[in-house]
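Note: the block below is input.txt and it holds compact mmCIF, C-alpha atoms.
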# COMPACT_ATOMS: atom_id res chain seq x y z
CA MET A 1 84.73 105.83 77.89
CA GLU A 2 84.52 107.41 81.32
CA MET A 3 83.03 110.90 81.50
CA PRO A 4 85.54 113.38 82.86
CA THR A 5 84.79 114.45 86.42
CA PRO A 6 83.54 118.05 86.57
CA GLU A 7 86.08 120.34 88.17
CA CYS A 8 85.98 123.61 90.00
CA PRO A 9 89.03 125.87 90.27
CA GLU A 10 88.18 126.63 93.92
CA GLU A 11 87.90 122.96 94.86
CA SER A 12 91.40 122.68 96.30
CA LYS A 13 90.88 125.85 98.39
CA ILE A 14 87.65 124.45 99.81
CA SER A 15 89.36 121.14 100.61
CA ALA A 16 92.27 122.93 102.26
CA ALA A 17 89.88 125.09 104.29
CA LEU A 18 87.95 122.02 105.41
CA ALA A 19 91.22 120.43 106.52
CA VAL A 20 91.86 123.30 108.94
CA GLY A 21 88.21 123.34 109.97
CA GLU A 22 87.16 126.79 108.82
CA ILE A 23 85.86 128.17 105.54
CA PRO A 24 87.16 131.72 104.96
CA ALA A 25 84.49 134.36 104.47
CA TYR A 26 85.48 135.04 100.89
CA LEU A 27 84.71 131.43 99.89
CA LEU A 28 81.24 131.32 101.43
CA PRO A 29 79.46 132.99 98.48
CA HIS A 30 81.13 130.53 96.13
CA LEU A 31 80.07 127.63 98.33
CA SER A 32 76.44 128.66 98.05
CA THR A 33 76.54 128.72 94.24
CA CYS A 34 78.91 125.92 93.21
CA PRO A 35 77.35 122.42 93.31
CA ILE A 36 80.75 120.70 93.26
CA CYS A 37 82.14 122.59 96.25
CA ALA A 38 78.81 122.42 98.04
CA ALA A 39 78.86 118.62 97.66
CA ILE A 40 82.42 118.48 99.01
CA HIS A 41 81.49 120.65 101.97
CA SER A 42 78.33 118.68 102.70
CA THR A 43 80.12 115.32 102.53
CA ALA A 44 82.95 116.57 104.71
CA MET A 45 80.50 117.80 107.37
CA GLN A 46 78.65 114.49 107.36
CA MET A 47 81.89 112.54 107.64
CA ARG A 48 83.08 114.73 110.52
CA LEU A 49 79.79 114.17 112.32
CA LEU A 50 80.13 110.44 111.85
CA ALA A 51 83.77 110.48 112.96
CA SER A 52 83.06 112.47 116.11
CA HIS A 53 80.22 110.10 116.96
CA LEU A 54 82.47 107.06 116.52
CA ALA A 55 85.39 108.71 118.32
CA ALA A 56 83.18 109.19 121.37
CA GLU A 57 83.69 105.51 122.11
CA ALA A 58 86.68 105.14 124.38
CA ALA A 59 89.86 103.73 122.89
CA PRO A 60 92.26 101.74 125.06
CA SER A 61 94.65 104.03 126.91
CA ALA A 62 98.11 104.66 125.52
CA THR A 63 99.71 102.97 128.52
CA SER A 64 97.56 99.86 128.09
CA MET A 65 98.30 99.70 124.36
CA TRP A 66 102.04 100.15 124.95
CA TRP A 67 101.99 97.35 127.49
CA ARG A 68 100.10 94.99 125.14
CA VAL A 69 102.29 95.76 122.16
CA THR A 70 105.59 95.29 124.04
CA LEU A 71 104.36 92.12 125.72
CA ARG A 72 103.45 90.68 122.38
CA MET A 73 106.81 91.73 120.95
CA ARG A 74 108.50 89.81 123.74
CA ARG A 75 106.36 86.73 123.16
CA GLU A 76 107.09 86.83 119.43
CA GLY A 77 110.79 87.12 120.24
CA VAL A 78 110.65 84.05 122.51
CA ARG A 79 108.81 82.08 119.81
CA ARG A 80 111.41 83.01 117.23
CA ALA A 81 114.24 82.04 119.59
CA GLU A 82 112.58 78.71 120.41
CA LYS A 83 112.17 77.63 116.80
CA PRO A 84 115.71 76.34 116.22
CA LEU A 85 115.55 74.40 119.52
CA ILE A 86 112.25 72.86 118.50
CA TRP A 87 113.61 71.76 115.15
CA MET A 88 116.70 70.30 116.82
CA THR A 89 114.43 68.36 119.19
CA ARG A 90 112.47 66.97 116.26
CA ILE A 91 115.57 65.93 114.38
CA SER A 92 117.04 64.32 117.51
CA CYS A 93 113.80 62.42 118.13
CA GLY A 94 113.75 61.18 114.59
CA VAL A 95 117.35 60.05 114.72
CA ALA A 96 116.84 58.34 118.09
CA ALA A 97 113.75 56.50 116.84
CA LEU A 98 115.46 55.47 113.62
CA THR A 99 118.53 54.30 115.52
CA ALA A 100 116.44 52.26 117.90
CA ALA A 101 114.54 50.66 115.04
CA LEU A 102 117.71 49.84 113.10
CA LEU A 103 119.34 48.51 116.22
CA ALA A 104 116.40 46.25 116.87
CA LEU A 105 116.47 44.98 113.29
CA SER A 106 120.18 44.69 112.65
CA ILE A 107 121.48 43.05 115.78
CA PRO A 108 121.57 39.32 115.15
CA MET A 109 119.08 37.88 117.49
CA PRO A 110 120.88 35.90 120.13
CA SER A 111 119.35 32.70 121.14
CA HIS A 112 118.78 33.95 124.62
CA PRO A 113 115.26 35.37 124.95
CA ALA A 114 116.40 37.99 127.46
CA ALA A 115 118.47 39.72 124.79
CA GLU A 116 115.51 39.72 122.41
CA ILE A 117 113.30 41.18 125.08
CA GLY A 118 115.95 43.80 125.83
CA CYS A 119 116.12 44.97 122.20
CA LEU A 120 112.37 45.10 121.91
CA ALA A 121 112.08 46.96 125.23
CA LEU A 122 114.62 49.52 124.05
CA SER A 123 112.58 50.15 120.90
CA ALA A 124 109.34 50.14 122.89
CA VAL A 125 110.66 52.94 125.11
CA VAL A 126 112.65 55.06 122.69
CA ILE A 127 110.08 55.16 119.90
CA PRO A 128 107.08 56.25 122.05
CA VAL A 129 109.17 58.81 123.93
CA SER A 130 110.35 60.17 120.58
CA ILE A 131 106.74 60.43 119.39
CA ILE A 132 105.71 62.25 122.57
CA LEU A 133 108.60 64.70 122.28
CA TRP A 134 107.77 65.21 118.60
CA GLY A 135 104.18 66.02 119.55
CA TRP A 136 105.34 68.49 122.19
CA SER A 137 107.59 70.25 119.72
CA ARG A 138 104.69 70.55 117.23
CA SER A 139 102.53 72.13 119.90
CA LYS A 140 105.15 74.83 120.45
CA ILE A 141 105.09 76.11 116.91
CA MET B 142 110.02 103.94 118.75
CA ASP B 143 110.37 104.49 122.48
CA GLU B 144 107.53 104.63 124.98
CA GLU B 145 107.26 108.41 125.05
CA SER B 146 107.06 108.81 121.28
CA PHE B 147 104.65 105.88 121.08
CA HIS B 148 102.38 107.56 123.64
CA ALA B 149 102.45 110.84 121.74
CA PHE B 150 101.76 109.14 118.41
CA TYR B 151 99.00 107.00 119.91
CA GLU B 152 97.27 109.97 121.50
CA GLN B 153 97.25 111.73 118.13
CA THR B 154 95.99 108.81 116.07
CA ALA B 155 94.08 106.27 118.17
CA ARG B 156 90.68 107.91 118.37
CA ASN B 157 90.36 108.55 114.67
CA LEU B 158 91.82 105.20 113.74
CA ARG B 159 89.43 103.45 116.06
CA GLY B 160 86.60 105.45 114.52
CA TYR B 161 87.76 104.36 111.07
CA LEU B 162 87.81 100.71 112.13
CA ARG B 163 84.47 101.11 113.84
CA SER B 164 82.95 102.48 110.66
CA MET B 165 84.27 99.52 108.65
CA LEU B 166 83.57 96.57 110.93
CA ILE B 167 80.22 95.07 111.77
CA ASP B 168 81.56 93.26 114.83
CA PRO B 169 82.47 95.85 117.51
CA ALA B 170 84.56 93.25 119.38
CA MET B 171 86.97 93.09 116.47
CA VAL B 172 87.59 96.82 116.52
CA ASP B 173 89.95 96.85 119.51
CA ASP B 174 91.62 93.65 118.30
CA LEU B 175 92.43 95.19 114.94
CA LEU B 176 93.40 98.45 116.61
CA GLN B 177 95.97 96.61 118.71
CA GLU B 178 97.13 94.58 115.72
CA SER B 179 97.62 97.76 113.69
CA TYR B 180 99.82 99.37 116.32
CA PHE B 181 101.69 96.12 116.88
CA ARG B 182 102.52 95.78 113.18
CA LEU B 183 103.55 99.41 113.01
CA PHE B 184 105.82 98.92 116.02
CA ASN B 185 107.20 95.74 114.48
CA ALA B 186 107.90 97.49 111.19
CA ASN B 187 110.74 99.36 112.90
CA LEU B 188 110.32 102.54 110.94
CA PRO B 189 113.36 104.79 111.29
CA ALA B 190 113.25 107.17 114.25
CA SER B 191 113.49 110.06 111.81
CA ALA B 192 110.24 109.04 110.06
CA GLU B 193 107.78 111.90 110.06
CA TYR B 194 104.42 111.82 111.77
CA GLY B 195 102.61 111.88 108.40
CA HIS B 196 104.59 108.92 107.11
CA ARG B 197 103.89 106.86 110.26
CA ARG B 198 100.22 107.77 110.15
CA ASN B 199 99.92 106.78 106.49
CA TYR B 200 101.67 103.50 107.20
CA LEU B 201 99.36 102.87 110.14
CA TYR B 202 96.29 103.43 107.99
CA ARG B 203 97.69 101.17 105.31
CA ILE B 204 98.11 98.41 107.89
CA ALA B 205 94.62 98.99 109.28
CA THR B 206 93.03 98.99 105.83
CA ASN B 207 94.71 95.71 104.90
CA LEU B 208 93.64 94.16 108.20
CA VAL B 209 90.03 95.17 107.60
CA TYR B 210 90.04 93.63 104.14
CA ASP B 211 91.72 90.45 105.35
CA HIS B 212 89.14 90.21 108.10
CA ARG B 213 86.27 90.69 105.67
CA ARG B 214 87.67 88.09 103.25
CA ALA B 215 88.18 85.60 106.04
CA ARG B 216 84.76 86.08 107.53
CA ARG B 217 82.92 86.64 104.22
CA LEU B 218 80.97 89.33 105.98
CA GLU B 219 77.75 90.42 104.46
CA GLU B 220 76.44 93.92 104.27
CA LEU B 221 74.36 95.27 107.07
CA PRO B 222 70.64 94.73 106.53
CA ASP B 223 68.79 97.75 105.29
CA ASP B 224 66.42 98.15 108.19
CA LEU B 225 65.78 101.84 108.05
CA ALA B 226 62.29 103.05 107.38
CA ALA B 227 62.12 105.76 104.72
CA VAL B 228 61.18 108.65 106.92
CA GLN B 229 62.26 112.23 106.77
CA ALA B 230 64.85 112.67 109.48
CA PRO B 231 67.66 115.01 110.29
CA ALA B 232 71.05 113.63 109.48
CA THR B 233 72.05 112.12 112.78
CA ALA B 234 75.40 110.44 113.12
CA GLN B 235 73.74 107.06 113.29
CA ASP B 236 71.80 107.66 110.08
CA ILE B 237 74.98 108.77 108.37
CA GLY B 238 76.78 105.75 109.76
CA ARG B 239 74.18 103.37 108.35
CA ALA B 240 74.35 105.07 104.97
CA PHE B 241 78.14 105.01 105.12
CA ARG B 242 78.16 101.26 105.70
CA ARG B 243 76.11 100.76 102.54
CA LEU B 244 78.97 102.10 100.49
CA LYS B 245 81.55 99.86 98.89
CA PRO B 246 84.72 99.45 100.95
CA LYS B 247 86.82 101.49 98.55
CA ASP B 248 84.36 104.40 98.68
CA ARG B 249 84.40 104.30 102.48
CA ASP B 250 88.17 104.33 102.52
CA VAL B 251 88.57 107.36 100.29
CA LEU B 252 85.81 109.36 102.00
CA TRP B 253 87.22 108.71 105.46
CA MET B 254 90.78 109.46 104.52
CA ALA B 255 89.89 112.58 102.57
CA TYR B 256 87.36 114.20 104.90
CA VAL B 257 88.17 112.88 108.37
CA GLU B 258 91.91 112.39 108.23
CA CYS B 259 92.37 115.09 105.56
CA PHE B 260 94.92 112.99 103.69
CA SER B 261 96.20 114.47 100.48
CA HIS B 262 95.43 112.62 97.24
CA LYS B 263 99.01 111.37 97.19
CA GLU B 264 98.69 110.02 100.74
CA ILE B 265 95.41 108.30 99.92
CA ALA B 266 97.02 106.70 96.87
CA GLU B 267 99.88 105.43 99.07
CA VAL B 268 97.55 103.96 101.67
CA LEU B 269 95.40 102.22 99.09
CA ARG B 270 98.18 100.87 96.91
CA LEU B 271 98.65 97.62 98.84
CA ARG B 272 94.95 96.82 98.99
CA SER B 273 95.09 94.66 95.92
CA ALA B 274 95.15 90.90 96.46
CA SER B 275 97.47 90.51 93.49
CA ILE B 276 101.11 89.70 94.00
CA ARG B 277 102.26 93.02 92.68
CA PRO B 278 100.98 95.97 94.62
CA MET B 279 98.39 97.86 92.65
CA ARG B 280 99.69 101.30 91.98
CA ILE B 281 97.04 103.96 92.30
CA ARG B 282 98.10 107.28 90.92
CA PRO B 283 97.19 110.34 92.97
CA MET B 284 95.43 111.80 89.92
CA ARG B 285 92.93 108.95 90.05
CA ILE B 286 91.92 109.81 93.60
CA ARG B 287 89.97 112.90 92.61
CA PRO B 288 87.48 111.07 90.37
CA MET B 289 87.30 108.25 92.92
CA LEU B 290 86.38 110.80 95.56
CA ALA B 291 83.80 112.44 93.33
CA ARG B 292 82.16 109.07 92.63
CA ALA B 293 82.21 108.13 96.30
CA ARG B 294 80.61 111.46 97.25
CA ALA B 295 77.92 110.99 94.61
CA ARG B 296 77.12 107.46 95.80
CA PHE B 297 77.04 108.58 99.42
CA ALA B 298 74.72 111.46 98.59
CA ASP B 299 72.52 109.09 96.59
CA ILE B 300 72.20 106.66 99.50
CA LEU B 301 71.37 109.50 101.88
CA ARG B 302 68.77 110.82 99.44
CA ARG B 303 67.15 107.40 99.04
CA ARG B 304 66.90 107.14 102.79
CA ASN B 305 65.39 110.63 102.87
CA ILE B 306 68.08 111.76 105.24
CA GLY B 307 68.37 115.52 105.33
CA GLU B 308 71.65 117.31 104.94
The structure given in the file should be rewritten as structure tokens.
Amino acid sequence: MEMPTPECPEESKISAALAVGEIPAYLLPHLSTCPICAAIHSTAMQMRLLASHLAAEAAPSATSMWWRVTLRMRREGVRRAEKPLIWMTRISCGVAALTAALLALSIPMPSHPAAEIGCLALSAVVIPVSIILWGWSRSKI
Amino acid sequence: MDEESFHAFYEQTARNLRGYLRSMLIDPAMVDDLLQESYFRLFNANLPASAEYGHRRNYLYRIATNLVYDHRRARRLEELPDDLAAVQAPATAQDIGRAFRRLKPKDRDVLWMAYVECFSHKEIAEVLRLRSASIRPMRIRPMRIRPMLARARARFADILRRRNIGE
């Protein structure tokens, strides 16, 4: 069973005073005698020292951050708008490749070799182009 | 949020938030990346224009805290090596920073939010509630923050004492 945390009735006043950055004079005697409030005060001072040290490093300017954030918002918007087009491209490529393959298989092969070559050439062009377009669409997402 | 209100909000929050990220991350290069990501996600969240400054700030810290934890999980970052010699020294910011980094992430969070950002216990509970990796957000009640703070203070003081860092 967890031991209850020791409490001090002035703890909230000390915390509130630390938040505004100044301990009122009437709390100073208490601070020197109460270990709980002294620990709070000590920790707060150490944390403030650390924070001011870290805050000394320059942050990007507000203008620069605004520019980066809005540019990224625009890019995300373009990506979202492109997605349906990319999926349509993929579906079209798939259908075109399937059609070409079925066409090549289903047309009764005429005896003339030129017709055979023509069907094979059609498949040889459509299918690779479909694969290339499919690859392009994958690179966009 | 329009540009003017963004500028005002950024000026009020960026330095401390960057300090918070800086205190949490080993890799300084990641600090500005996560800073930008935090503001981007806040901007993308489309909080209502009537949202108060405190609410936006809490949300921003919630985003930043989650980003830090995601970054740590992804990188499996290890703790900083304990390379300090045990010598009596005044508590410089760097000494305090090293001791601070030895704390567990949760302890660092509560100490920073309570004593740097001066969040109320309720605000700290709100910021921390989505830290859990579980599907349901872990609800932390504000009443639990006080003992969490007390434990974090005790651990921090213990680390400082072991390093013989004066107060």
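Taking only C-alpha atoms into account, chain B lies nearest to A:Leu71 out of the set A:Leu103, A:Leu133, A:Cys93, A:Leu71.
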Could the residues of chain A that have an atom at most 6 Å from chain B be listed as JSON lines, each with its closest atom pair and the distance in Å to one decimal, counting all atoms listed in the file and ordered by chain and ascending residue number?
{"residue": "A:Thr5", "atom": "CA", "partner": "B:Pro288", "partner_atom": "CA", "distance": 5.9}
{"residue": "A:Ala19", "atom": "CA", "partner": "B:Cys259", "partner_atom": "CA", "distance": 5.5}
{"residue": "A:Ala44", "atom": "CA", "partner": "B:Tyr256", "partner_atom": "CA", "distance": 5.0}
{"residue": "A:Arg48", "atom": "CA", "partner": "B:Val257", "partner_atom": "CA", "distance": 5.8}
{"residue": "A:Leu49", "atom": "CA", "partner": "B:Ala234", "partner_atom": "CA", "distance": 5.8}
{"residue": "A:Leu50", "atom": "CA", "partner": "B:Ala234", "partner_atom": "CA", "distance": 4.9}
{"residue": "A:Ala51", "atom": "CA", "partner": "B:Gly160", "partner_atom": "CA", "distance": 6.0}
{"residue": "A:Leu54", "atom": "CA", "partner": "B:Gly160", "partner_atom": "CA", "distance": 4.9}
{"residue": "A:Ala55", "atom": "CA", "partner": "B:Gly160", "partner_atom": "CA", "distance": 5.2}
{"residue": "A:Ala62", "atom": "CA", "partner": "B:His148", "partner_atom": "CA", "distance": 5.5}
{"residue": "A:Val69", "atom": "CA", "partner": "B:Phe181", "partner_atom": "CA", "distance": 5.3}
For this session: Using all atoms listed in the file, find the one residue out of A:Ile127, A:Ile91, A:Met65, A:Ile132 that sits nearest to Asp174 of chain B.
Result: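 Checking each candidate against Asp174 of chain B, we get A:Met65 as the closest.
Across the model, the gap from atom CA of Gly94 of chain A to atom CA of Arg138 of chain A is 13.3 Å.
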For this session: Would you work out the distance separating atom CA of Trp66 of chain A from atom CA of Ala186 of chain B, expressed in Å to one decimal?
Result: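 Atom CA of Ala186 of chain B lies at a distance of 15.2 Å from atom CA of Trp66 of chain A.
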What's around Glu22 of chain A at 12 Å? Count all atoms listed in the file, leave out sequence neighbours fewer than 4 positions away in its own chain, and write the answer as a short mmCIF file (atom, residue, chain, number, x, y, z; two decimals) with C-alpha atoms, in the coordinates of the input.
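New file result.cif:
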data_model
loop_
_atom_site.label_atom_id
_atom_site.label_comp_id
_atom_site.auth_asym_id
_atom_site.auth_seq_id
_atom_site.Cartn_x
_atom_site.Cartn_y
_atom_site.Cartn_z
CA LYS A 13 90.88 125.85 98.39
CA ILE A 14 87.65 124.45 99.81
CA SER A 15 89.36 121.14 100.61
CA ALA A 16 92.27 122.93 102.26
CA ALA A 17 89.88 125.09 104.29
CA LEU A 18 87.95 122.02 105.41
CA TYR A 26 85.48 135.04 100.89
CA LEU A 27 84.71 131.43 99.89
CA LEU A 28 81.24 131.32 101.43
CA HIS A 41 81.49 120.65 101.97
CA ALA A 44 82.95 116.57 104.71
CA MET A 45 80.50 117.80 107.37
#
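Considering all atoms listed in the file, the residue among B:Asp211, B:Gly195, B:Arg296, B:Arg304 positioned nearest to Leu244 of chain B is B:Arg296.
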For this session: Rounded to one decimal place, report the atom CA of Thr89 of chain A-atom CA of Trp134 of chain A distance in Å.
Result: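 Atom CA of Trp134 of chain A lies at a distance of 7.4 Å from atom CA of Thr89 of chain A.
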